[in-house]
Structure formats: structure tokens, C-alpha cells
file model-v3.csv (CSV, C-alpha atoms)
chain,number,residue,atom,x,y,z
A,251,MET,CA,21.8,19.3,1.3
A,252,SER,CA,21.1,15.6,2.0
A,253,GLN,CA,20.7,13.2,-0.8
A,254,SER,CA,17.2,12.3,-1.9
A,255,THR,CA,16.1,8.9,-0.8
A,256,ILE,CA,13.1,6.9,-1.9
A,257,ALA,CA,11.5,4.0,0.0
A,258,LEU,CA,9.3,2.1,-2.4
A,259,LYS,CA,6.2,0.5,-0.9
A,260,VAL,CA,4.2,-2.0,-3.0
A,261,ASP,CA,0.6,-2.6,-2.1
A,262,VAL,CA,-0.8,-5.9,-3.5
A,263,ASP,CA,-4.5,-5.7,-3.4
A,264,THR,CA,-5.9,-8.5,-5.6
A,265,TYR,CA,-5.6,-12.0,-7.0
A,266,MET,CA,-4.6,-10.6,-10.4
A,267,GLY,CA,-2.1,-8.2,-8.9
A,268,THR,CA,-0.4,-11.0,-7.1
A,269,ARG,CA,-0.4,-13.4,-10.0
A,270,ASP,CA,0.6,-10.9,-12.8
A,271,GLY,CA,1.7,-7.6,-11.3
A,272,VAL,CA,4.1,-8.8,-8.7
A,273,PRO,CA,6.2,-10.9,-11.1
A,274,ARG,CA,6.3,-8.0,-13.5
A,275,LEU,CA,7.5,-5.6,-10.8
A,276,LEU,CA,10.2,-8.1,-9.7
A,277,GLU,CA,11.5,-8.0,-13.3
A,278,ILE,CA,11.5,-4.2,-13.4
A,279,MET,CA,13.2,-3.8,-10.0
A,280,GLU,CA,15.8,-6.5,-10.7
A,281,SER,CA,16.7,-4.7,-13.9
A,282,ALA,CA,17.0,-1.4,-12.0
A,283,GLY,CA,18.9,-3.0,-9.1
A,284,ILE,CA,16.2,-1.8,-6.6
A,285,ARG,CA,14.7,-3.4,-3.6
A,286,ALA,CA,11.3,-2.6,-2.2
A,287,THR,CA,8.8,-3.5,0.5
A,288,PHE,CA,5.8,-5.6,-0.7
A,289,TYR,CA,2.6,-5.7,1.3
A,290,PHE,CA,0.3,-8.7,0.5
A,291,SER,CA,-3.4,-9.1,0.8
A,292,MET,CA,-3.6,-12.6,2.2
A,293,GLY,CA,-7.3,-13.7,2.1
A,294,PRO,CA,-10.2,-13.5,-0.3
A,295,ASP,CA,-10.3,-11.1,-3.2
A,296,ASN,CA,-13.7,-9.4,-2.8
A,297,SER,CA,-12.9,-6.6,-5.2
A,298,GLY,CA,-16.4,-6.6,-6.7
A,299,LYS,CA,-17.9,-5.6,-3.4
A,300,ALA,CA,-16.1,-2.2,-3.7
A,301,ILE,CA,-19.0,-1.2,-6.1
A,302,ARG,CA,-21.0,-0.1,-3.0
A,303,ARG,CA,-18.5,2.8,-2.7
A,304,ILE,CA,-20.5,4.4,-5.5
A,305,PHE,CA,-23.2,5.0,-2.9
A,306,THR,CA,-21.0,5.5,0.2
A,307,ARG,CA,-18.0,7.6,-1.0
A,308,LYS,CA,-18.4,10.8,-2.8
A,309,GLY,CA,-16.3,10.9,-6.0
A,310,PHE,CA,-15.7,7.2,-6.2
A,311,LEU,CA,-17.4,6.6,-9.5
A,312,LYS,CA,-15.6,9.7,-11.0
A,313,LYS,CA,-12.3,8.4,-9.8
A,314,MET,CA,-12.9,4.9,-11.2
A,315,LEU,CA,-13.7,6.4,-14.7
A,316,ARG,CA,-10.9,8.9,-14.5
A,317,THR,CA,-8.2,6.3,-13.8
A,318,GLY,CA,-9.6,3.7,-16.2
A,319,ALA,CA,-10.0,1.2,-13.3
A,320,PRO,CA,-12.2,-1.3,-15.3
A,321,SER,CA,-9.5,-1.8,-17.9
A,322,ALA,CA,-6.7,-1.7,-15.4
A,323,TYR,CA,-8.2,-4.4,-13.1
A,324,GLY,CA,-10.1,-6.5,-15.6
A,325,LEU,CA,-13.7,-7.6,-15.6
A,326,LYS,CA,-13.1,-10.7,-13.6
A,327,THR,CA,-11.6,-8.8,-10.7
A,328,MET,CA,-14.4,-6.3,-10.8
A,329,LEU,CA,-16.9,-9.2,-10.2
A,330,TYR,CA,-15.1,-11.1,-7.5
A,331,GLY,CA,-17.2,-11.4,-4.4
A,332,THR,CA,-20.4,-10.6,-6.2
A,333,LEU,CA,-21.2,-12.5,-9.5
A,334,LEU,CA,-18.0,-14.5,-9.1
A,335,PRO,CA,-16.8,-16.3,-6.0
A,336,PRO,CA,-13.9,-14.5,-4.3
A,337,PRO,CA,-10.6,-16.4,-4.9
A,338,MET,CA,-8.1,-16.8,-2.1
A,339,ILE,CA,-5.0,-14.8,-2.8
A,340,ALA,CA,-1.9,-15.8,-0.9
A,341,SER,CA,-2.7,-19.5,-0.6
A,342,ALA,CA,-3.0,-19.6,-4.4
A,343,PHE,CA,0.4,-18.1,-4.9
A,344,PRO,CA,2.7,-19.0,-2.0
A,345,HIS,CA,5.6,-19.3,-4.4
A,346,ILE,CA,5.2,-15.7,-5.4
A,347,LEU,CA,5.5,-14.5,-1.8
A,348,ARG,CA,8.5,-16.6,-1.2
A,349,ARG,CA,10.1,-15.5,-4.5
A,350,VAL,CA,9.7,-11.8,-3.5
A,351,ALA,CA,11.7,-12.5,-0.3
A,352,ALA,CA,14.2,-14.7,-2.0
A,353,MET,CA,15.0,-11.8,-4.4
A,354,GLY,CA,16.0,-9.6,-1.4
A,355,HIS,CA,12.8,-7.6,-1.0
A,356,GLU,CA,11.0,-7.0,2.3
A,357,THR,CA,7.5,-8.5,2.7
A,358,GLY,CA,4.7,-7.7,5.1
A,359,ILE,CA,0.9,-7.9,5.5
A,360,HIS,CA,-1.5,-5.6,3.7
A,361,CYS,CA,-4.6,-7.3,5.1
A,362,TRP,CA,-6.8,-10.4,5.2
A,363,ASP,CA,-9.8,-9.0,3.2
A,364,HIS,CA,-8.9,-5.7,1.5
A,365,VAL,CA,-12.4,-4.4,0.7
A,366,LYS,CA,-13.8,-5.4,4.2
A,367,TRP,CA,-11.0,-3.6,6.0
A,368,HIS,CA,-11.1,-0.5,3.7
A,369,ASP,CA,-14.9,-0.1,3.8
A,370,LEU,CA,-15.9,-1.4,7.2
A,371,LEU,CA,-13.1,-0.9,9.7
A,372,PRO,CA,-14.8,2.0,11.6
A,373,TRP,CA,-17.7,-0.3,12.4
A,374,MET,CA,-15.8,-3.4,13.3
A,375,PRO,CA,-15.7,-4.6,16.9
A,376,LYS,CA,-12.2,-4.9,18.2
A,377,LYS,CA,-12.5,-8.7,18.2
A,378,THR,CA,-13.2,-8.6,14.5
A,379,VAL,CA,-10.2,-6.4,13.8
A,380,ALA,CA,-8.0,-8.8,15.8
A,381,MET,CA,-9.4,-11.7,13.8
A,382,GLU,CA,-8.7,-10.1,10.5
A,383,MET,CA,-5.1,-9.5,11.5
A,384,GLY,CA,-4.8,-12.9,13.1
A,385,ARG,CA,-5.9,-14.8,10.0
A,386,ALA,CA,-3.4,-12.8,7.9
A,387,PHE,CA,-0.6,-13.3,10.3
A,388,ALA,CA,-1.2,-17.1,10.6
A,389,LEU,CA,-1.2,-17.6,6.8
A,390,TYR,CA,1.8,-15.4,6.4
A,391,GLU,CA,3.8,-17.4,9.0
A,392,GLN,CA,2.7,-20.7,7.4
A,393,ILE,CA,3.9,-19.5,3.9
A,394,MET,CA,7.0,-17.6,4.9
A,395,GLY,CA,8.1,-19.6,8.0
A,396,GLU,CA,8.4,-16.5,10.1
A,397,ARG,CA,6.3,-13.9,11.8
A,398,PRO,CA,5.6,-10.7,9.8
A,399,LYS,CA,7.4,-7.6,11.1
A,400,THR,CA,5.3,-4.9,9.4
A,401,THR,CA,1.8,-4.2,8.1
A,402,ALA,CA,0.2,-1.5,5.9
A,403,ALA,CA,-3.5,-0.8,6.2
A,404,PRO,CA,-5.7,-1.0,3.0
A,405,GLY,CA,-6.6,2.5,1.8
A,406,TRP,CA,-4.6,4.0,4.7
A,407,THR,CA,-7.6,3.2,6.9
A,408,VAL,CA,-6.9,2.9,10.7
A,409,SER,CA,-8.7,3.0,14.0
A,410,ALA,CA,-7.8,3.2,17.7
A,411,ASP,CA,-8.4,-0.6,17.8
A,412,SER,CA,-6.2,-1.4,14.8
A,413,LEU,CA,-3.4,0.7,16.2
A,414,GLU,CA,-3.7,-1.0,19.6
A,415,ILE,CA,-3.6,-4.4,18.0
A,416,GLN,CA,-0.5,-3.5,16.1
A,417,ASP,CA,1.2,-2.5,19.4
A,418,ALA,CA,0.2,-5.8,20.9
A,419,LEU,CA,1.8,-7.7,18.0
A,420,GLN,CA,5.1,-5.8,18.6
A,421,LEU,CA,5.7,-5.0,15.0
A,422,ALA,CA,8.9,-3.2,14.0
A,423,TYR,CA,7.0,-0.4,12.3
A,424,CYS,CA,3.9,0.1,10.1
A,425,SER,CA,3.0,2.1,7.1
A,426,ASP,CA,-0.7,3.0,7.4
A,427,SER,CA,-0.7,6.7,6.9
A,428,ARG,CA,0.0,9.7,4.7
A,429,GLY,CA,2.3,12.4,5.9
A,430,THR,CA,5.7,13.9,5.7
A,431,ALA,CA,8.1,12.0,8.0
A,432,PRO,CA,8.3,9.0,10.3
A,433,PHE,CA,6.4,9.5,13.6
A,434,TYR,CA,4.8,7.8,16.6
A,435,PRO,CA,1.0,8.2,16.2
A,436,VAL,CA,-1.2,10.0,18.8
A,437,TRP,CA,-4.9,9.1,18.1
A,438,GLY,CA,-7.2,11.2,20.2
A,439,ASN,CA,-5.3,11.5,23.5
A,440,ARG,CA,-3.5,8.2,23.3
A,441,ARG,CA,0.1,7.6,22.1
A,442,PHE,CA,0.8,4.4,20.3
A,443,ALA,CA,4.2,2.6,20.3
A,444,THR,CA,4.5,1.4,16.7
A,445,LEU,CA,6.5,3.7,14.4
A,446,GLN,CA,4.6,4.9,11.4
A,447,ILE,CA,6.5,5.4,8.1
A,448,PRO,CA,3.9,7.5,6.1
A,449,THR,CA,3.6,7.6,2.3
A,450,THR,CA,4.7,11.1,1.3
A,451,TRP,CA,3.8,11.1,-2.4
A,452,ALA,CA,0.4,10.8,-4.0
A,453,THR,CA,-0.3,7.6,-5.9
A,454,MET,CA,-0.7,7.4,-9.7
A,455,ASP,CA,-4.4,6.7,-9.4
A,456,GLU,CA,-4.9,9.8,-7.3
A,457,LEU,CA,-3.0,12.0,-9.8
A,458,ILE,CA,-3.9,10.9,-13.3
A,459,GLY,CA,-6.8,12.9,-14.7
A,460,GLU,CA,-6.5,15.6,-12.0
A,461,ASN,CA,-5.1,19.1,-12.6
A,462,GLY,CA,-4.1,18.3,-16.2
A,463,ILE,CA,-1.9,15.4,-15.2
A,464,THR,CA,-1.8,12.5,-17.7
A,465,ALA,CA,0.0,9.2,-17.8
A,466,GLU,CA,2.5,11.0,-20.1
A,467,THR,CA,3.2,13.9,-17.7
A,468,ILE,CA,2.9,12.2,-14.3
A,469,ASN,CA,6.6,11.5,-14.0
A,470,ASP,CA,7.3,15.2,-14.5
A,471,HIS,CA,5.1,15.8,-11.5
A,472,TYR,CA,6.9,13.1,-9.4
A,473,LEU,CA,10.3,14.6,-10.2
A,474,SER,CA,8.9,18.0,-8.9
A,475,CYS,CA,7.9,16.3,-5.6
A,476,LEU,CA,11.4,14.9,-4.9
A,477,LYS,CA,12.8,16.4,-1.8
A,478,PRO,CA,16.1,15.9,0.1
A,479,GLY,CA,15.9,13.2,2.7
A,480,LEU,CA,13.2,10.5,2.8
A,481,ASN,CA,10.5,10.2,0.2
A,482,VAL,CA,8.0,7.3,0.5
A,483,HIS,CA,6.3,6.2,-2.7
A,484,THR,CA,3.4,3.7,-2.7
A,485,ILE,CA,2.8,1.9,-6.0
A,486,HIS,CA,0.2,-0.8,-6.7
A,487,ALA,CA,0.9,-4.2,-8.3
A,488,GLU,CA,-2.2,-3.9,-10.3
A,489,LEU,CA,-1.2,-0.5,-11.9
A,490,GLU,CA,2.6,-0.1,-12.0
A,491,GLY,CA,2.9,-3.9,-12.5
A,492,GLY,CA,0.2,-3.7,-15.1
A,493,VAL,CA,-1.1,-1.0,-17.5
A,494,LEU,CA,1.3,1.6,-16.1
A,495,ALA,CA,4.4,-0.5,-16.0
A,496,ASP,CA,6.1,1.5,-18.7
A,497,ARG,CA,5.5,4.7,-16.8
A,498,PHE,CA,7.0,3.1,-13.7
A,499,VAL,CA,10.1,2.0,-15.6
A,500,ASN,CA,10.5,5.5,-16.9
A,501,LEU,CA,10.1,7.0,-13.4
A,502,LEU,CA,12.8,4.7,-12.0
A,503,GLN,CA,15.2,5.6,-14.8
A,504,ARG,CA,14.6,9.3,-14.3
A,505,LEU,CA,15.1,9.0,-10.5
A,506,LYS,CA,18.3,7.1,-11.0
A,507,ASP,CA,19.5,9.8,-13.4
A,508,GLN,CA,19.0,12.2,-10.4
A,509,GLN,CA,21.2,10.0,-8.3
A,510,VAL,CA,18.3,9.1,-6.0
A,511,ARG,CA,19.0,6.4,-3.4
A,512,PHE,CA,16.5,3.6,-3.1
A,513,ILE,CA,15.8,1.7,0.2
A,514,THR,CA,13.2,-0.6,1.8
A,515,LEU,CA,10.8,0.6,4.5
A,516,ALA,CA,12.8,-1.4,7.0
A,517,GLU,CA,15.9,0.5,6.1
A,518,ALA,CA,13.9,3.7,6.3
A,519,ALA,CA,12.7,2.8,9.8
A,520,ALA,CA,16.3,2.0,11.0
A,521,GLU,CA,17.7,5.1,9.5
A,522,TYR,CA,15.0,7.7,10.3
A,523,GLY,CA,13.1,6.1,13.1
A,524,ALA,CA,15.6,7.2,15.8
A,525,HIS,CA,14.7,10.8,15.2
A,526,ALA,CA,10.9,10.3,14.9
A,527,ALA,CA,8.7,12.5,17.0
A,528,GLU,CA,5.1,12.1,18.1
A,529,ALA,CA,2.4,13.4,15.8
A,530,ALA,CA,-1.4,13.4,15.8
A,531,LEU,CA,-3.0,10.9,13.4
A,532,ALA,CA,-6.6,11.3,12.2
A,533,MET,CA,-8.8,10.3,9.3
A,534,GLY,CA,-9.2,13.1,6.7
A,535,GLU,CA,-9.6,13.7,3.0
A,536,LEU,CA,-6.9,14.0,0.3
A,537,PRO,CA,-7.3,15.4,-3.3
A,538,GLY,CA,-7.9,12.6,-5.8
A,539,ARG,CA,-9.2,10.1,-3.3
A,540,ALA,CA,-12.7,9.1,-2.5
A,541,GLY,CA,-13.1,8.7,1.2
A,542,SER,CA,-10.9,9.4,4.1
A,543,VAL,CA,-7.3,8.3,4.9
A,544,ALA,CA,-5.1,8.4,8.0
A,545,LEU,CA,-3.3,11.7,7.9
A,546,GLN,CA,-0.3,12.8,9.9
A,547,GLN,CA,-1.3,16.1,11.5
call {"tool": "encode", "arguments": {"input": "model-v3.csv", "output": "C-alpha cells"}}
result
Amino acid sequence: MSQSTIALKVDVDTYMGTRDGVPRLLEIMESAGIRATFYFSMGPDNSGKAIRRIFTRKGFLKKMLRTGAPSAYGLKTMLYGTLLPPPMIASAFPHILRRVAAMGHETGIHCWDHVKWHDLLPWMPKKTVAMEMGRAFALYEQIMGERPKTTAAPGWTVSADSLEIQDALQLAYCSDSRGTAPFYPVWGNRRFATLQIPTTWATMDELIGENGITAETINDHYLSCLKPGLNVHTIHAELEGGVLADRFVNLLQRLKDQQVRFITLAEAAAEYGAHAAEAALAMGELPGRAGSVALQQ
């Protein structure tokens, strides 16, 4: 039986998550001797505009209350883009992005405007999708001094246009989907060339409050999900780097006790990508989430 391996993916959605959550995660991972892949939201923090999901996504309000989102994200974040102007994220904290890379972690692009992509991608003209990516790429290159090699879509939300633009950008791989193993996506009848490394575990915000799972028992659940070979776990700077930091520390320790090997997504792509097959990719629903995500079929 092959050793269990975990590729850690960190989604950084907000101004607060970049400022406070990322440095905390760097401390935690340095103590544990672990490297991860961080995906940064580059443009404005419009988190407050997510309030419209109450009317457009069934179960969104229930999820927000179940996971304690208002206390986790803070009042200011919940008002950005509505009652408060949206602060720019990456340009406010270029030193944090550079520090992540300097400490040996992989960095990539999450998006330009997280809420805009997550909520409106299906209705965006291809030109707008390209512009969203282009802005993020330009700022990343300005800050990091090199082109990004990987992206991860907000809310695991993709379209034929976004996949096509990824191919045109000649990225090494992307992590936009949920599934079981690395694959080359087929959307409709079209095969795309950019390798997908899907998230294989549910996130903490999807699990807590569902099926009797609490913050105290969630790591028992994660240990039960561990399988031989590649596991991909997405965490959020705002949660595991914030109110759930102690749970994340506990999880890492328990996984290390199980002799789990930790790698970045780039290492996962290099190790497992050679054996990746084609698989259909389509938007669908997952338990614990409000709205659709890109699912490996």
C-alpha cells in the first residue's frame, strides 16, 4: 500500500486573510516543517457583495450561520464593497506574497475579484474573463518578478472560456475543481490541455455543523478520509489562519503522527500528472456548499 500524501492548498480570499491569516499559517507550517501552495486574490476585496447570495444561492444564509462566518471574517470584511469601499489586497501587502515564496512555499493566483468571479463567471463575456485574469497576472508579475505558473478558481467555479484562457496562458497546472485524482478536463465535447489537480477533501466550512461534525470532532473526520496516494486539502487563510488555527495545528500533528508526507501542488503535478487521464468536468452541487462547483465526473 502506497504512503498517504497530502498536498496542501491555501486559498486567500480577502484583505484580512492576507494581512492576518497568511502570516499565522506561515508560522504554523514553519513549526511543522511543511510547505504548501498559496493562491492569492490580487485585486479588490468585495466580500460585502456576497450578501446577494442569500437571494441567489439556496442554503447560503444557513451555511453562513452554521459556520459562524460573521465572527470568522469580521464586520469590516462583511461590509467591503457595500458600506465600505473595497480595499486592494495584493498591492497592500506585496511583502507578504514575497515572504511566502521566500519561505519555500509555492504561490499562484486565486483571482482578481473573488466575489465577481465566484458569482458572475457564467454570465461574463470571454473578454471580461480574460481581463480578470490579465489584471491578476500583471500585478502578480510586478510583485513577484515572474509569471505565475498556476491558478485556482474562486469557489471552484469554471467555464469553457476560463479553461480556454488557462490553456492560452500555458500554465503548468490548475486547481479549479473537486474530484479524486489529477486529470485533463473535458468540458462538453472539448478537451483542455491544462492539468487539473482537484481538491479531494471537503473544506472545514463545508463540514462544521453538518452530520454532527463540530470543530472539536472535525479532525476525526479528516483522519477517516485519509487514503493511500494523493489527498488534496484546501484550507482558507481566513479560517485555518484565524478562528480555526488551533484545529489546523491539531490536524497537522495528527497527520504527521500517521507518517503522512506533505507536498506542494507543483510537486503533486510532477509526481502524479504523468499518469493523469481525461475526465469530464461539469458544474454540480456538493453537500455543505451553497451553489455549484466544478466536479470531476
call {"tool": "atom_distance", "arguments": {"input": "model-v3.csv", "atom1": "CA of Asp363 in chain A", "atom2": "CA of Ala300 in chain A"}}
result
11.6 Å
call {"tool": "closest_residue", "arguments": {"input": "model-v3.csv", "among": "A:Asp261, A:Glu356, A:Glu535, A:Asp455", "to": "Leu494 in chain A", "atoms": "all atoms listed in the file"}}
result
A:Asp455
call {"tool": "residues_around", "arguments": {"input": "model-v3.csv", "residues": "range 498-513 of chain A", "least_positions_apart": "2", "cutoff": "6 Å", "atoms": "all atoms listed in the file", "output": "list in words"}}
result
Ser254, Thr255, Ile256, Ala257, Asn469, Glu490, Ala495 and Asp496 of chain A
call {"tool": "residues_near_point", "arguments": {"input": "model-v3.csv", "point": "(-3.9, -15.2, 11.4)", "cutoff": "12 Å", "atoms": "all atoms listed in the file", "output": "list in words"}}
result
Met292, Gly293, Ile359, Cys361, Trp362, Asp363, Thr378, Val379, Ala380, Met381, Glu382, Met383, Gly384, Arg385, Ala386, Phe387, Ala388, Leu389, Tyr390, Glu391, Gln392, Ile393, Arg397, Pro398 and Leu419 of chain A
call {"tool": "closest_residue", "arguments": {"input": "model-v3.csv", "among": "A:Ala532, A:Ile447, A:Leu473, A:Ala540", "to": "Ala520 in chain A", "atoms": "all atoms listed in the file"}}
result
A:Ile447
call {"tool": "residues_near_point", "arguments": {"input": "model-v3.csv", "point": "(-0.4, 9.7, 4.3)", "cutoff": "6 Å", "atoms": "all atoms listed in the file", "output": "short mmCIF file (atom, residue, chain, number, x, y, z; two decimals) with C-alpha atoms, in the frame of the given file"}}
result
data_model
loop_
_atom_site.label_atom_id
_atom_site.label_comp_id
_atom_site.auth_asym_id
_atom_site.auth_seq_id
_atom_site.Cartn_x
_atom_site.Cartn_y
_atom_site.Cartn_z
CA SER A 427 -0.70 6.70 6.90
CA ARG A 428 0.00 9.70 4.70
CA GLY A 429 2.30 12.40 5.90
CA PRO A 448 3.90 7.50 6.10
CA THR A 449 3.60 7.60 2.30
CA LEU A 545 -3.30 11.70 7.90
#
call {"tool": "closest_residue", "arguments": {"input": "model-v3.csv", "among": "A:Gln546, A:Ser291, A:Thr332, A:Thr514", "to": "Phe433 in chain A", "atoms": "only C-alpha atoms"}}
result
A:Gln546
call {"tool": "closest_residue", "arguments": {"input": "model-v3.csv", "among": "A:Gly479, A:Pro294, A:Gly541, A:Pro344", "to": "Asp263 in chain A", "atoms": "only C-alpha atoms"}}
result
A:Pro294
call {"tool": "closest_residue", "arguments": {"input": "model-v3.csv", "among": "A:Val260, A:Leu347, A:Ile278, A:Met454", "to": "Ala402 in chain A", "atoms": "all atoms listed in the file"}}
result
A:Val260
call {"tool": "residues_around", "arguments": {"input": "model-v3.csv", "residues": "Tyr265 in chain A", "least_positions_apart": "4", "cutoff": "9 Å", "atoms": "only C-alpha atoms", "output": "ChimeraX atom specification"}}
result
/A:269-270,291,294-295,327,337-340,342-343
call {"tool": "atom_distance", "arguments": {"input": "model-v3.csv", "atom1": "CA of Leu275 in chain A", "atom2": "CA of Gly491 in chain A"}}
result
5.2 Å
